[in-house]
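Novice: Handing you this structure, nothing more for now.
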Amino acid sequence: MRNILGLIALGLSFIAAPLSAQTTGSTGRGLRLNQTISAPRVAAANVAVQTATSAAFFPVLPGGPASDADLVVAVNENISLSAFGAGLRERINTTVIAASAMASATQATGTATVNNLAFSIGTDQSSLLSITALRVESTSSATTSPLDTTGTATITNLQLTGSVFGPSGTLILSPKQQLALAAGTPNIVVFNQDGLKITLNRQVETVTRNANGTTTLALATDAIAVQFTDFAVGTGFKTGELLIASSSASATAVQPISPQ
């Protein structure tokens with residue numbers, strides 16, 4: 001059994017302090033890959049890479065800022081998967097990745113931006129899956145009055161190619177999907193078969209009723225979410241996810257949730 005774990009993350013986080021009547025928090029993370037690839041009779045191996053993290057809080061804790069920003073000049077990862085096929089490898093390349101987050105008494109905002117994304121699985125001669133984009137960005141915001149969240153995603157020059165998409169080797173978004181992305185529609189599933197699911201502007205909102213009578217509303221936004229479930233990679237099977245331009249925001253208050 002062989003296990004390969006990849007983690008590539010750029011993060012900034014603002015996490016609410018222990019619950020009071022009103023708190024906010026937000027995060028921004030540029031790129032994250034978590035995966036396991038397994039095959040019978042293959043020795044185990046692990047790979048882990050993390051780029052940068054920072055944190056802040058509201059209410060502000062001692063030594064904790066309420067806003068911050070960070071960036072990584074470039075990511076260049078070349079992960080060998082030769083145990084599952086001759087010359088097989090996984091590559092992730094970007095130029096600048098930027099993340100920012102802020103938290104105040106009434107609102108919080110997290111952002112993440114990835115420039116010149118290039119992700120691929122394959123060999124020098126053939127591509128199983130390739131995802132490229134000029135710019136990928138997400139923003140998540142939360143407010144306490146009204147208690148509400150908002151998420152957005154912007155993806156420029158997205159290209160999805162590889163043999164997984166059939167004889168044409170290319171996945172082209174339908175006019176309806178393109179209009180939905182431009183309009184900010186969340187959770188646009190553009191591909192879901194053979195153990196591969198690709199979602200654009202994925203948004204997950206959660207509501208928590210707290211013991212002190214407050215309500216916490218939280219939103220996580222991934223501009224591109226790529227999920228693998230026993231996805232065939234050579235002789236191996238890949239399970240995990242690649243999240244590109246992730247942000248989140250949350251707010252806690254003693255008041256009803258804003259009507260949608």
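Residues in the structure tokens are named by chain (A, B, ... in the order shown) and by number from 1 within that chain; ligands are numbered from 1 in the order shown.
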With a distance cut-off of 9 Å and only C-alpha atoms, select the neighbouring residues of Gln159 (chain A), excluding the residue or stretch itself and same-chain residues fewer than 3 positions from it, and output the selection as an mmCIF file with C-alpha atoms, in the first residue's frame.
Specialist:
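around30.cif written:
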data_model
loop_
_atom_site.group_PDB
_atom_site.id
_atom_site.type_symbol
_atom_site.label_atom_id
_atom_site.label_comp_id
_atom_site.auth_asym_id
_atom_site.auth_seq_id
_atom_site.Cartn_x
_atom_site.Cartn_y
_atom_site.Cartn_z
ATOM 1 C CA SER A 130 -4.878 19.561 -16.444
ATOM 2 C CA ILE A 131 -6.375 22.702 -14.865
ATOM 3 C CA THR A 132 -5.032 26.120 -15.789
ATOM 4 C CA ALA A 133 -6.254 29.667 -15.152
ATOM 5 C CA THR A 170 -11.250 19.187 -23.363
ATOM 6 C CA LEU A 171 -14.093 20.214 -21.075
ATOM 7 C CA ILE A 172 -15.813 23.381 -22.266
#
Novice: Quick one: residues within 6 Å of Ser100 (chain A), only C-alpha atoms counted, chain neighbours fewer than 5 positions away excluded, as an MDAnalysis selection string?
Specialist: chainID A and resid 28 68:69 110:111
Novice: Would you write out those residues with N, CA and C atoms, as a compact mmCIF listing (two decimals), in the first residue's frame?
Specialist:
# COMPACT_ATOMS: atom_id res chain seq x y z
N GLY A 28 -8.17 33.40 4.74
CA GLY A 28 -7.85 33.34 3.33
C GLY A 28 -6.75 32.32 3.12
N ASP A 68 -4.58 41.37 8.48
CA ASP A 68 -3.25 40.92 8.08
C ASP A 68 -3.28 40.57 6.61
N ALA A 69 -2.11 40.40 6.03
CA ALA A 69 -1.99 40.00 4.63
C ALA A 69 -0.67 39.28 4.45
N GLY A 110 -12.54 37.61 4.24
CA GLY A 110 -11.36 36.85 3.87
C GLY A 110 -11.26 36.77 2.36
N THR A 111 -10.04 36.89 1.82
CA THR A 111 -9.84 36.79 0.38
C THR A 111 -8.64 35.92 0.07
Novice: Would you list the contacts of Ala183 (chain A) as a PyMOL selection string, taking every protein, DNA or RNA residue within 12 Å and counting only C-alpha atoms, but skipping same-chain residues closer than 2 positions in sequence?
Specialist: chain A and resi 151-154+176-181+185-186+188+201
Novice: So that I can see what lies close to Glu241 (chain A), please list as a ChimeraX atom specification the residues with an atom at most 10 Å from it, counting only C-alpha atoms and leaving out residues fewer than 6 positions away in the same chain.
Specialist: /A:6,32-36,196-198,225-229
Novice: Between CA of Thr144 (chain A) and CA of Ala66 (chain A), what is the spacing in Å?
Specialist: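 Taking CA of Ala66 (chain A) as the start and CA of Thr144 (chain A) as the end point, the length is 15.9 Å.
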